[in-house]
Structure formats: C-alpha cells, structure tokens
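**Q** Below is one structure. I have some questions about it.
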2 protein chains.
Amino acid sequence: MKAALVGTDGTLLHEARRATDRERGADAVVETILAFAAELRAHGEEHLGESAVAAGVAVPGIVDSEKGVAVYAANLGWRDVPLRALLSERLGALPVALGHDVRTGGLAEGRIGAGRGADRFLFVPLGTGIAGAIGIAGSIEAGAHGDAGEIGHIVVRPDGPDCSCGQRGCLETLASAAAVTRAWAAASGDPDADAADCAKAVEAGDPAAIAVWRDAIDALAAGLVTALTLLDPGTLIIGGGLAEAGETLFTPLRAAVEERVTFQKLPHIVPAALGDTAGCLGAGLLAWDLLSTEVSV
Amino acid sequence: MKAALVGTDGTLLHEARRATDRERGADAVVETILAFAAELRAHGEEHLGESAVAAGVAVPGIVDSEKGVAVYAANLGWRDVPLRALLSERLGALPVALGHDVRTGGLAEGRIGAGRGADRFLFVPLGTGIAGAIGIAGSIEAGAHGDAGEIGHIVVRPDGPDCSCGQRGCLETLASAAAVTRAWAAASGDPDADAADCAKAVEAGDPAAIAVWRDAIDALAAGLVTALTLLDPGTLIIGGGLAEAGETLFTPLRAAVEERVTFQKLPHIVPAALGDTAGCLGAGLLAWDLLSTEVSV
C-alpha cells in the first residue's frame, strides 16, 4: 500500500510504502493501515512542522463513502469494515474521508493530472482488469450503490469470451493488459510473453503482434465509444499498464475511436499523468475536500 | 407544442397546446413560442391572480443551456437561436431557462414523476427513436457538449441493422417503437400494423408477434444493462409509445434484465408517469430552479 502527505494544492510532500501482506488476514491489514496513517502524521509533525488536518483513504472493492464503510473487498477479505470511524479514532478524531480506489485515482487525474480543467471526463485504467471513473463537475460519480464506472464489464462482443463476472464478451476480456498478455502468449508461443512484450513486437513490425494489438484496440474503441455515447465526456484519460505503450497504443486508439463515432463529439484521448500515485493524491484531495465542500467518491 | 403554468411544487395549473407548423419556417416557429409564452403569462394574470415569475422552455436537438442557445434542431431548421434572450425580452426581462426536451422531461419524471425520490435514475423514452436522460442528485447530466444520454445509439449488436446515425446495430434500430412497428409490419404482412398492434398480438398469444417482441426486449435489455453497468442507477424509468404496452413490456423486460446482470445491482424498472406532459412540467421545474439553485439541463 502507498500513502502520502499531500498539500492543499495536491502537491506530494512525502510518500511512503508498506507491504499489504494480505495473507495475515483482514484485521491485520486494517491495523497496518491505521498504524501507517499514524506514522505518516507523526512524520509530518516532525519533518514538515505541522500535523495533518484531515485524512483520506482509498480502498478497492465496494465502498460506501457516505457511511465510511469498506463494504466488500474480496482480495482483502473485508466485509463491512467501518474504516472511516476506525481511522478517525486512531488519529485523535481527525476528519477522515473514505473513497473507492479507482474513483479516487480518477479524482486526482481529473483535478491535478491528465484531466486538469476537464469538467467532464472518463478515467479508464487498463490493468489486470479494466475499471472506470466518471468525472462530473469536480467530483466522481459513484452511482446509486457505489458501482458506477464499471466500463470493463460492458459487453462489446456478445459472442466473445466468457468473463469472470459471468457475462460474455466484456471489454475486460478483450482489452485489459491481462487479455493482451493472454492473447500474445498464445500467438507468440511464449508462455512468459506479456502485454509489454506485445507492444514491443508491434513496434518491431511483427504481424502476429500487430493482429493481437489491433484486436484489443478494436474492442477498446468499441467500449469507449459506447461510454462516450452515453456520457459525452470532454476528455478520456487512459491509464494502467497497457497505457505505458504510449503512442503505440494512443495513435491507433484515437484513429479507431474517430472511425467509429458518427454524431458523437470526439473527446480528447490522453494518457494518465499520475501513474500509481493517483490513488494517494486522490485520497489527499478527498481529505482536503472535507475541509471545504463535501465530495463523495 | 405544449405549454403550461406550473406551481412551485410542480403542480400543473393550466395547460395549452399550439400547432408547431414547422413548414412555416424556423423564424415563424420561434415567434409562435414567444407569443404563446406571452399569452400564457397573460392567462395566469387574468385567471390565477398572479403573473409568472420565471419561464422555462424545452426544445429538441442540440441545446446549450448555459448560453441559452438552441444550437441545432434539424426538424425545426434551427441553428444558433438565442431563445433564452428572445423569450426573456418578450416577457419583460423575466428570468428564462432553456433546456433539452428529453433531459427536461427526465428532470420532471425524476423529481415529480416515476423516479420521485430516486437520487440516481435513467429515463429512457422508447418512441420513434430512443433517447435518454441521466439523473444524478437532482439534476440531469448534460455532458461536455450537451450530448449525454444518447442510449439509443449504443451498439448492442455489432452486426445489426444500419442506423441513420451511421453506426450499425444501435439500440434504436432494434427496440424503438418504430423498430417494432417495422418488424411487425414485415412479420404480419400488414404494412399498416404498428408496435401497439404487435403488443396486442403478443397478448393474444400470436407466436410471430411474440418472436418480434422478444427480439426487441432482448436488445433493449442488452442496452439497459450496458447503461446500468456504467451508471449504476437506482431506477430505470421507461417511457414513450412502447411503454404504453404496460406489463406486456415490463414483465418480460424485467426478467430479461435480471437474467443478464451478474455483479451489477438491479435497479427498479418502472413505467414513466407523466406521459407527454413531462417536457412541460420539466420546463416549469427549470424555471422554478432559476429562482432557487441553478440546475442546467
């Protein structure tokens, strides 16, 4: 897990990491978070001359940010962990905000990262899975049950591969870094080849790699066009491992989206700017928001 | 066109209609709107004992509600009509709100119609086309360019029929009232048979009608599940001509959506409640909103 001390304007003042060690169990992970936060506050008092005035924490899974409860996180074995109350108690009644990891990262990308100034944006990290954060007027839309933004599970090929979610042809099964890794390992015959290797082979002009890459981009463009038809964002921010391919991804992706849209307005399609600090920075922004207006993510 | 005098709580105090007569040209339609609004205000002064304190108007096409301009309406021949300023001038500098017809209707359904109390909803009228209004926390999301909500043009069958928008397999080509009319006219061999006739034949147990109906519902469920995966609404409000089939539509539609969702939370799926007065009532709500907080639709 990553944590940071963040200034009012989103500046990263101090960053630190701890092993999550999820095999120690659900309660131990919670305790690590609480102790880590307390240490970080002490660090600020000692080295920056002032104490944190609020805290933000972003967690995966299903999050009820209004109630401050981590409802469910399969990876961590969490069910209904009242993380906001626990953290506030540990930090001497400091105001605490709880957010969802992807939406919190999206908040940071939208406000101080690649979407700076974009009033309406969609943040789509392409990693093991594909997630999404819908930015509207300075905050991230959580939906009625905290599930909004699941672009990875919109069906782009109704006859496509089975998805772990139970549907078929979900975007995630076709265009995540994991999907490209799978497809390229199969096509190249190298079981250790991954999505980054595929991108390199594309750059070297390998026709088999180009076919795998094009197929993923075609699916991704289909999913993004569906999302922009519904949401009309001004900016699409693409992040995650697959976006590290840079223009090898972005040039053909922009062309594929442009080819598919008809009446829809073409958004700016840009790479994420904050990398894996987006979640930390977003949690910091959530904390600062507690002291001004309320934003729930 | 329809117009109304609307009370603070959304009560319909007086309703009136005028022919649009679009063949008279773009300017004549604008003049009809201005004169109609002035008459309506006079009616309020004369019969209700008070004058309107604000006005709202909802128009089709592309609407810039922040600038108060009807940017484009193919049906009416409008391009960049500064309708808010024109109407305000005609009404003696009254505050005027300009909204988009579907989003304005959605605002009314969400606040005082079928979605009353729903914090997150999606309003989908199934008529000649299929449109959508995304309700979030009391207002309707317009998107970056005023185009949000175009659920009728998400592709649900990539190899489906050509759509007038230039894409293939758009929801609108498969599940609008017009699409069902086309399919049933072809299947029944009666060129005058329409979607309402198809619904009646379904109720009578006609197997050909049932096949047409099921196909439309299957496409509609696919489109709605895509939208709810992205947006996580608490309520789906289905309106328009096709929804007049009542439980003949809603019972199998709920089942089809339920069958498709896996991890997604199932929203309430309910018929629209306000019929063709939704636009009028929504315009009234926009007008009242001018006097309290700002809401742009």
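Residues are referred to by chain and number: the chain letter is A, B, ... according to the order shown in the structure tokens, the number counts from 1 in that chain, and ligands are numbered separately from 1 in the order shown.
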Residues of chain B that approach chain A to 6 Å or less, counting only C-alpha atoms: could you list each one with the shortest pair of atoms and its distance in Å to one decimal, rows by chain and increasing residue number, as JSON lines?
**A**
```
{"residue": "B:Arg120", "atom": "CA", "partner": "A:Ala144", "partner_atom": "CA", "distance": 5.5}
{"residue": "B:Gly143", "atom": "CA", "partner": "A:Asp232", "partner_atom": "CA", "distance": 4.7}
{"residue": "B:Ala144", "atom": "CA", "partner": "A:Gly234", "partner_atom": "CA", "distance": 5.2}
{"residue": "B:Asp147", "atom": "CA", "partner": "A:Asp232", "partner_atom": "CA", "distance": 5.7}
{"residue": "B:Ala148", "atom": "CA", "partner": "A:Leu231", "partner_atom": "CA", "distance": 4.6}
{"residue": "B:Gly149", "atom": "CA", "partner": "A:Leu230", "partner_atom": "CA", "distance": 4.6}
{"residue": "B:Glu150", "atom": "CA", "partner": "A:Leu230", "partner_atom": "CA", "distance": 5.2}
{"residue": "B:Ile151", "atom": "CA", "partner": "A:Leu230", "partner_atom": "CA", "distance": 5.7}
{"residue": "B:Ile154", "atom": "CA", "partner": "A:Thr226", "partner_atom": "CA", "distance": 5.3}
{"residue": "B:Gly166", "atom": "CA", "partner": "A:Thr262", "partner_atom": "CA", "distance": 5.9}
{"residue": "B:Thr226", "atom": "CA", "partner": "A:Ile154", "partner_atom": "CA", "distance": 5.3}
{"residue": "B:Thr229", "atom": "CA", "partner": "A:Glu150", "partner_atom": "CA", "distance": 5.7}
{"residue": "B:Leu230", "atom": "CA", "partner": "A:Gly149", "partner_atom": "CA", "distance": 4.6}
{"residue": "B:Leu231", "atom": "CA", "partner": "A:Ala148", "partner_atom": "CA", "distance": 4.7}
{"residue": "B:Asp232", "atom": "CA", "partner": "A:Gly143", "partner_atom": "CA", "distance": 4.7}
{"residue": "B:Pro233", "atom": "CA", "partner": "A:Ala144", "partner_atom": "CA", "distance": 5.3}
{"residue": "B:Gly234", "atom": "CA", "partner": "A:Ala144", "partner_atom": "CA", "distance": 5.2}
{"residue": "B:Thr262", "atom": "CA", "partner": "A:Gly166", "partner_atom": "CA", "distance": 5.9}
```
**Q** Using DSSP secondary structure from the backbone, list all helix (DSSP H, G or I) positions within range 22-263 of chain A, as a ChimeraX atom specification.
**A** /A:22-24,26-48,74-76,83-90,101-112,151-153,171-175,177-188,195-203,207-231,241-245,247-260
**Q** Taking only C-alpha atoms into account, name the residue in A:Val257, A:Ala199, A:Ile140, A:Ala243 that is nearest to Asp101 in chain A.
**A**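 Answer, going by the shortest atom-to-atom distance: A:Ile140.
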**Q** Write out as number ranges by chain which residues come within 12 Å of Val202 in chain A when counting only C-alpha atoms, dropping same-chain ones fewer than 4 positions away.
**A** A: 184, 188, 195-198, 206-214, 245, 247-249, 252
**Q** Could you write out, as a PyMOL selection string, all the residues of range 124-268 of chain A that DSSP marks as strand (DSSP E or B)?
**A** chain A and resi 124-126+130+133-136+139-140+155+162+168+170+235-239+268
**Q** At what distance in Å, to one decimal, does CA of Asn75 in chain B lie from CA of Leu220 in chain B?
**A** 26.1 Å
**Q** Contacts of Phe123 in chain A at 8 Å or less, counting only C-alpha atoms, minus same-chain residues fewer than 6 places along, as a list in words?
**A**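 That gives Gly106, Glu109, Gly110, Gly132, Ala133, Ile134, Gly135, Leu236, Ile237, Ile238, Gly239 and Ala272 of chain A.
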**Q** Can you pull out the residues contacting Leu281 in chain A? Cut-off 8 Å, using only C-alpha atoms, and skip same-chain residues under 6 positions away; I want them as a list in words.
**A** Ala4, Val6, Gly10, Leu12, Gly105 and Ala108 of chain A
**Q** Would you mind listing what lies within 10 Å of Pro95 in chain A as a VMD selection string, with only C-alpha atoms counted and same-chain residues fewer than 5 positions away left out?
**A** chain A and resid 52 to 56 84 to 85 87 to 89 287 to 288 290 to 291
**Q** I'd like the neighbourhood of Ala73 in chain B as a list in words, where a residue qualifies if any of its atoms comes within 7 Å (using only C-alpha atoms), though same-chain residues fewer than 3 positions away should be ignored.
**A** Pro60, Gly61, Ile62, Leu76, Gly77, Trp78 and Arg79 of chain B
